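Engineer: Supplied structure: final.cif, mmCIF, C-alpha atoms.
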```cif
data_work
#
loop_
_atom_site.label_atom_id
_atom_site.label_comp_id
_atom_site.auth_asym_id
_atom_site.auth_seq_id
_atom_site.Cartn_x
_atom_site.Cartn_y
_atom_site.Cartn_z
CA MET A 1412 106.87 99.85 107.56
CA PHE A 1413 105.97 97.89 104.42
CA CYS A 1414 106.85 94.24 104.85
CA VAL A 1415 105.95 90.63 104.32
CA THR A 1416 106.40 88.16 107.16
CA GLN A 1417 106.15 84.45 107.88
CA GLN A 1418 105.06 85.21 111.45
CA PRO A 1419 101.55 85.80 112.83
CA ILE A 1420 100.77 89.52 112.74
CA ASP A 1421 100.83 91.51 115.99
CA LEU A 1422 98.26 94.25 115.48
CA GLN A 1423 99.40 96.24 118.51
CA LYS A 1424 102.92 96.50 117.11
CA LEU A 1425 101.55 98.15 113.98
CA VAL A 1426 99.30 100.46 115.99
CA ASP A 1427 102.28 101.42 118.13
CA TYR A 1428 104.33 102.05 114.98
CA VAL A 1429 101.84 104.53 113.47
CA THR A 1430 100.93 106.22 116.77
CA ASP A 1431 101.97 109.84 116.51
CA PRO A 1432 101.47 112.83 118.83
CA GLU A 1433 100.23 114.83 115.81
CA ALA A 1434 97.59 112.19 115.02
CA GLY A 1435 94.02 112.30 116.26
CA ALA A 1436 93.03 109.16 114.39
CA ILE A 1437 94.37 105.69 113.69
CA ALA A 1438 92.55 103.48 111.20
CA THR A 1439 93.33 99.79 110.89
CA PHE A 1440 92.21 97.24 108.34
CA ILE A 1441 92.63 93.52 108.95
CA GLY A 1442 92.10 90.95 106.20
CA THR A 1443 91.21 87.58 107.66
CA THR A 1444 90.71 84.09 106.25
CA ARG A 1445 87.01 83.40 105.68
CA ASN A 1446 85.60 79.87 106.00
CA ASN A 1447 83.80 79.87 102.63
CA ASN A 1448 84.33 81.04 99.09
CA GLU A 1449 82.17 80.53 95.98
CA GLY A 1450 80.31 77.65 97.60
CA ARG A 1451 83.46 75.89 98.79
CA LYS A 1452 84.24 75.16 102.42
CA VAL A 1453 87.63 76.77 103.02
CA ILE A 1454 90.12 75.12 105.36
CA ALA A 1455 92.97 77.63 105.07
CA LEU A 1456 94.68 80.04 102.71
CA ASP A 1457 98.34 79.66 101.78
CA TYR A 1458 100.12 82.84 100.69
CA GLU A 1459 103.18 83.01 98.47
CA ALA A 1460 105.07 86.14 97.42
CA TYR A 1461 107.85 87.50 95.23
CA PRO A 1462 109.07 89.03 98.44
CA GLU A 1463 111.44 91.78 97.31
CA MET A 1464 108.99 93.14 94.76
CA ALA A 1465 106.02 92.67 97.10
CA GLU A 1466 107.68 94.91 99.69
CA LYS A 1467 108.62 97.38 96.98
CA GLU A 1468 105.00 97.54 95.80
CA LEU A 1469 103.69 97.89 99.37
CA ALA A 1470 106.06 100.84 99.85
CA ARG A 1471 104.88 102.33 96.54
CA ILE A 1472 101.30 102.10 97.79
CA GLY A 1473 102.34 103.81 101.02
CA ALA A 1474 104.01 106.62 99.09
CA ALA A 1475 100.96 107.03 96.85
CA ALA A 1476 98.71 107.23 99.92
CA ALA A 1477 100.95 109.86 101.52
CA LYS A 1478 100.78 111.90 98.31
CA SER A 1479 96.98 111.74 98.16
CA TRP A 1480 96.07 112.28 101.83
CA PRO A 1481 97.58 114.15 104.78
CA ILE A 1482 98.59 111.08 106.77
CA CYS A 1483 101.17 110.92 109.55
CA ARG A 1484 102.44 107.35 109.49
CA MET A 1485 101.51 104.13 107.73
CA ALA A 1486 102.35 100.46 108.02
CA ILE A 1487 101.34 97.44 105.95
CA LEU A 1488 102.27 93.92 106.97
CA HIS A 1489 101.29 90.92 104.82
CA ARG A 1490 101.65 87.42 106.14
CA LEU A 1491 102.98 84.55 104.02
CA GLY A 1492 102.51 80.82 104.35
CA PRO A 1493 99.40 79.15 105.78
CA VAL A 1494 96.79 81.41 107.39
CA GLN A 1495 94.00 79.62 109.25
CA ILE A 1496 90.32 80.59 109.43
CA GLY A 1497 89.93 83.82 111.35
CA GLU A 1498 93.63 84.67 111.35
CA ALA A 1499 94.95 87.88 109.85
CA SER A 1500 96.62 87.71 106.43
CA VAL A 1501 97.18 91.43 106.03
CA VAL A 1502 97.08 94.41 108.37
CA ILE A 1503 97.12 98.06 107.35
CA ALA A 1504 97.51 100.80 109.97
CA VAL A 1505 97.38 104.54 109.19
CA SER A 1506 97.48 107.60 111.43
CA SER A 1507 96.42 111.12 110.55
CA ALA A 1508 95.48 114.34 112.29
CA HIS A 1509 91.80 113.86 111.43
CA ARG A 1510 89.89 110.69 110.63
CA ASP A 1511 88.98 111.28 106.94
CA ALA A 1512 92.55 110.73 105.73
CA ALA A 1513 93.11 107.61 107.85
CA PHE A 1514 89.89 105.98 106.61
CA ALA A 1515 90.55 106.92 102.98
CA ALA A 1516 94.20 105.85 102.97
CA SER A 1517 93.48 102.47 104.53
CA ARG A 1518 90.71 101.81 102.00
CA PHE A 1519 92.97 102.87 99.13
CA ALA A 1520 95.75 100.60 100.38
CA ILE A 1521 93.72 97.39 100.50
CA GLU A 1522 92.27 98.03 97.05
CA GLU A 1523 95.73 98.62 95.61
CA ILE A 1524 97.23 95.58 97.36
CA LYS A 1525 94.70 93.42 95.58
CA LYS A 1526 95.71 94.82 92.17
CA THR A 1527 99.48 95.04 91.93
CA VAL A 1528 101.37 93.40 94.78
CA PRO A 1529 103.01 90.11 93.68
CA ILE A 1530 101.41 87.96 96.36
CA TRP A 1531 99.24 84.94 95.56
CA LYS A 1532 96.87 82.96 97.73
CA LYS A 1533 96.11 79.30 97.31
CA GLU A 1534 92.76 78.28 98.76
CA VAL A 1535 92.79 74.91 100.48
CA PHE A 1536 89.20 73.70 100.63
CA GLU A 1537 87.33 70.50 101.34
CA GLY A 1538 88.00 68.49 98.21
CA GLY A 1539 91.01 70.28 96.79
CA GLU A 1540 92.98 73.44 96.37
CA VAL A 1541 93.03 76.26 93.83
CA TRP A 1542 95.12 79.36 93.16
CA ILE A 1543 92.77 82.31 93.52
CA GLY A 1544 92.70 84.66 90.55
CA THR A 1545 94.12 82.32 87.95
CA GLN A 1546 90.81 81.37 86.44
CA THR A 1547 89.65 84.86 85.70
CA GLY A 1548 92.85 86.70 84.88
CA GLN A 1549 93.38 90.20 86.09
CA PRO A 1550 92.93 93.67 84.68
CA LEU A 1551 96.02 95.79 84.08
CA PRO A 1552 96.59 98.28 86.89
CA ASP A 1553 95.88 101.86 85.82
CA HIS A 1554 99.51 102.95 86.03
CA LEU A 1555 100.50 100.31 83.49
CA LYS A 1556 97.77 101.00 80.94
CA GLN A 1557 98.93 102.68 77.74
CA GLY A 1558 97.11 105.32 75.72
CA MET B 1253 123.18 86.63 77.40
CA ASN B 1254 121.79 84.88 80.46
CA VAL B 1255 118.67 85.89 82.34
CA ARG B 1256 117.39 84.61 85.68
CA VAL B 1257 113.74 83.66 85.85
CA LYS B 1258 111.80 83.21 89.06
CA LEU B 1259 108.55 81.28 89.02
CA PHE B 1260 105.81 81.55 91.63
CA ALA B 1261 102.42 80.11 92.45
CA ILE B 1262 100.72 78.26 89.61
CA LEU B 1263 103.68 78.75 87.26
CA ARG B 1264 106.07 77.29 89.84
CA GLU B 1265 103.82 74.27 90.25
CA ARG B 1266 103.42 73.73 86.52
CA ALA B 1267 107.12 74.11 85.72
CA GLY B 1268 108.17 72.05 88.73
CA THR B 1269 110.82 74.61 89.65
CA SER B 1270 111.00 78.05 91.24
CA ALA B 1271 114.10 79.34 89.43
CA VAL B 1272 115.58 78.96 85.97
CA THR B 1273 118.59 80.48 84.24
CA ARG B 1274 118.08 80.81 80.49
CA GLU B 1275 120.45 81.72 77.71
CA LEU B 1276 118.94 84.07 75.15
CA ALA B 1277 120.05 85.81 71.95
CA ASP B 1278 121.04 89.44 72.41
CA GLY B 1279 118.08 91.72 71.88
CA SER B 1280 115.56 89.16 73.09
CA THR B 1281 112.42 90.49 74.73
CA VAL B 1282 110.23 89.27 77.55
CA ALA B 1283 107.94 87.78 74.90
CA ASP B 1284 110.86 85.85 73.38
CA LEU B 1285 111.78 84.52 76.81
CA TRP B 1286 108.22 83.38 77.46
CA ARG B 1287 108.17 81.51 74.13
CA GLU B 1288 111.45 79.77 75.01
CA LEU B 1289 110.24 78.85 78.49
CA GLN B 1290 107.07 77.31 77.11
CA LYS B 1291 109.21 75.07 74.91
CA ASP B 1292 111.31 74.06 77.92
CA TYR B 1293 108.29 73.62 80.18
CA PRO B 1294 105.20 72.86 78.07
CA LYS B 1295 102.96 72.77 81.15
CA LEU B 1296 103.68 76.48 81.70
CA ASP B 1297 101.02 77.32 79.15
CA VAL B 1298 97.94 78.05 81.24
CA PRO B 1299 95.16 78.71 78.71
CA GLY B 1300 93.56 82.11 79.11
CA ILE B 1301 95.94 83.28 81.82
CA ARG B 1302 96.62 86.99 81.81
CA MET B 1303 99.97 87.82 83.31
CA LEU B 1304 101.99 90.83 84.29
CA TYR B 1305 105.73 90.96 83.64
CA ALA B 1306 108.53 92.23 85.87
CA VAL B 1307 112.18 92.81 85.09
CA ASN B 1308 114.45 93.63 88.03
CA GLN B 1309 111.32 94.19 90.14
CA ASN B 1310 109.76 96.77 87.83
CA TYR B 1311 106.60 96.10 85.84
CA VAL B 1312 107.30 96.10 82.09
CA ASN B 1313 105.51 95.21 78.87
CA LEU B 1314 105.99 92.05 76.84
CA ASP B 1315 108.15 93.88 74.29
CA GLN B 1316 110.73 94.93 76.91
CA PRO B 1317 114.24 94.08 75.69
CA LEU B 1318 116.33 92.06 78.14
CA LYS B 1319 119.96 92.45 79.24
CA ASP B 1320 122.47 89.99 80.65
CA GLN B 1321 121.72 89.03 84.27
CA ASP B 1322 118.21 90.54 84.25
CA GLU B 1323 115.83 88.97 86.77
CA VAL B 1324 112.53 88.26 85.05
CA VAL B 1325 109.32 87.21 86.76
CA PHE B 1326 106.09 86.23 85.03
CA ILE B 1327 103.36 87.28 87.40
CA PRO B 1328 100.11 85.31 87.32
CA PRO B 1329 96.97 87.05 88.59
CA VAL B 1330 97.78 88.40 92.04
CA SER B 1331 95.55 87.66 94.99
CA GLY B 1332 97.13 89.24 98.03
CA GLY B 1333 95.03 90.78 100.76
#
```
Kindly present the structure from the file in structure tokens form.
Structural biologist:
Amino acid sequence: MFCVTQQPIDLQKLVDYVTDPEAGAIATFIGTTRNNNEGRKVIALDYEAYPEMAEKELARIGAAAAKSWPICRMAILHRLGPVQIGEASVVIAVSSAHRDAAFAASRFAIEEIKKTVPIWKKEVFEGGEVWIGTQTGQPLPDHLKQG
Amino acid sequence: MNVRVKLFAILRERAGTSAVTRELADGSTVADLWRELQKDYPKLDVPGIRMLYAVNQNYVNLDQPLKDQDEVVFIPPVSGG
């Protein structure tokens, strides 16, 4: 399951989705909205996506994880729209026979999400709002670098 | 030929629109399209911004040639997760 959604994320649904009789481990990662960033008091984050390509990239990350580690099942759900302090913006769930693969795959997934998935967050803070990432630019993902 | 451009995030705000259809000369590249869009929407020029480029939901380089009905998205720095 590799999707974006406008709805609040139900963690248990993702855990249920990756639960597998062959799995001895389920690792979950939840990204939540933090109340501060770079000295600013954050009120909320607002996520926007190029939805078809975002889901395609999430699936690509899932396939890459399955190629690198012996995982059973994987799900990534990214929320769009406003996400309040403490609420989940992204949830990754991975199951595997043993815990190493589940830990590694979930770590890999969040790092990759931050590099290549066409989703943007706008930080609404006390005093204004700013698109995160715009000021500093971004490095090219490895699979797009030439030479 | 005509290409369909989708704009998101800071580009959407600066252009004031989320979708544009643009006529281009045959053989035009993503770079050519970007130049034309900046003429149409001067505020699209965000100094120092480093973007990625997608055609039909695949990442491509600036020199990618475009075809009729291609969907092109200029991707400002992503910040999902």
Engineer: Looking at B:Gln1290, B:Ser1270, B:Asn1254, B:Ser1331, which one is nearest to B:Leu1318, with distances taken over all atoms listed in the file?
Structural biologist: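 Distance minimum relative to B:Leu1318 lands on B:Asn1254.
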Engineer: Could you give me, as a tab-separated table (two decimals) with C-alpha atoms, in the frame of the given file, the residues within 12 Å of A:Arg1445, counting only C-alpha atoms and dropping anything in the same chain fewer than 4 positions from it?
Structural biologist:
```tsv
chain	number	residue	atom	x	y	z
A	1449	GLU	CA	82.17	80.53	95.98
A	1450	GLY	CA	80.31	77.65	97.60
A	1451	ARG	CA	83.46	75.89	98.79
A	1452	LYS	CA	84.24	75.16	102.42
A	1453	VAL	CA	87.63	76.77	103.02
A	1454	ILE	CA	90.12	75.12	105.36
A	1455	ALA	CA	92.97	77.63	105.07
A	1456	LEU	CA	94.68	80.04	102.71
A	1494	VAL	CA	96.79	81.41	107.39
A	1495	GLN	CA	94.00	79.62	109.25
A	1496	ILE	CA	90.32	80.59	109.43
A	1497	GLY	CA	89.93	83.82	111.35
A	1498	GLU	CA	93.63	84.67	111.35
A	1499	ALA	CA	94.95	87.88	109.85
A	1500	SER	CA	96.62	87.71	106.43
A	1534	GLU	CA	92.76	78.28	98.76
A	1535	VAL	CA	92.79	74.91	100.48
A	1536	PHE	CA	89.20	73.70	100.63
B	1333	GLY	CA	95.03	90.78	100.76
```
Engineer: To one decimal place in Å, what is the distance between atom CA of B:Gln1321 and atom CA of B:Val1255?
Structural biologist: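 The value is 4.8 Å.
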Engineer: Taking all atoms listed in the file into account, name the residue in B:Gly1279, B:Asp1292, B:Gln1316, B:Ile1327 that is nearest to chain A.
Structural biologist: B:Ile1327
Engineer: Give me the residues of chain A that have any atom at most 7 Å from an atom of chain B; for each, the nearest atom pair and the distance in Å, rounded to one decimal. Use only C-alpha atoms, sort by chain and number, and format it as a Markdown table.
Structural biologist:
```
| residue | atom | partner | partner_atom | distance |
| --- | --- | --- | --- | --- |
| A:Gly1442 | CA | B:Gly1333 | CA | 6.2 |
| A:Glu1459 | CA | B:Ala1261 | CA | 6.7 |
| A:Met1464 | CA | B:Gln1309 | CA | 5.3 |
| A:Ser1500 | CA | B:Gly1333 | CA | 6.6 |
| A:Val1501 | CA | B:Gly1333 | CA | 5.7 |
| A:Ile1521 | CA | B:Gly1333 | CA | 6.7 |
| A:Ile1524 | CA | B:Gly1333 | CA | 6.3 |
| A:Lys1525 | CA | B:Gly1332 | CA | 5.4 |
| A:Lys1526 | CA | B:Val1330 | CA | 6.7 |
| A:Thr1527 | CA | B:Val1330 | CA | 6.9 |
| A:Val1528 | CA | B:Val1330 | CA | 6.7 |
| A:Pro1529 | CA | B:Val1330 | CA | 5.7 |
| A:Ile1530 | CA | B:Gly1332 | CA | 4.8 |
| A:Trp1531 | CA | B:Ser1331 | CA | 4.6 |
| A:Lys1532 | CA | B:Ser1331 | CA | 5.6 |
| A:Trp1542 | CA | B:Ile1262 | CA | 6.7 |
| A:Ile1543 | CA | B:Ser1331 | CA | 6.2 |
| A:Gly1544 | CA | B:Pro1329 | CA | 5.3 |
| A:Thr1545 | CA | B:Pro1329 | CA | 5.6 |
| A:Gly1548 | CA | B:Arg1302 | CA | 4.9 |
| A:Gln1549 | CA | B:Pro1329 | CA | 5.4 |
```
Engineer: Could you tell me how far atom CA of A:Ile1487 sits from atom CA of A:Ala1520, in Å to one decimal place?
Structural biologist: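 Atom CA of A:Ile1487 lies 8.5 Å from atom CA of A:Ala1520.
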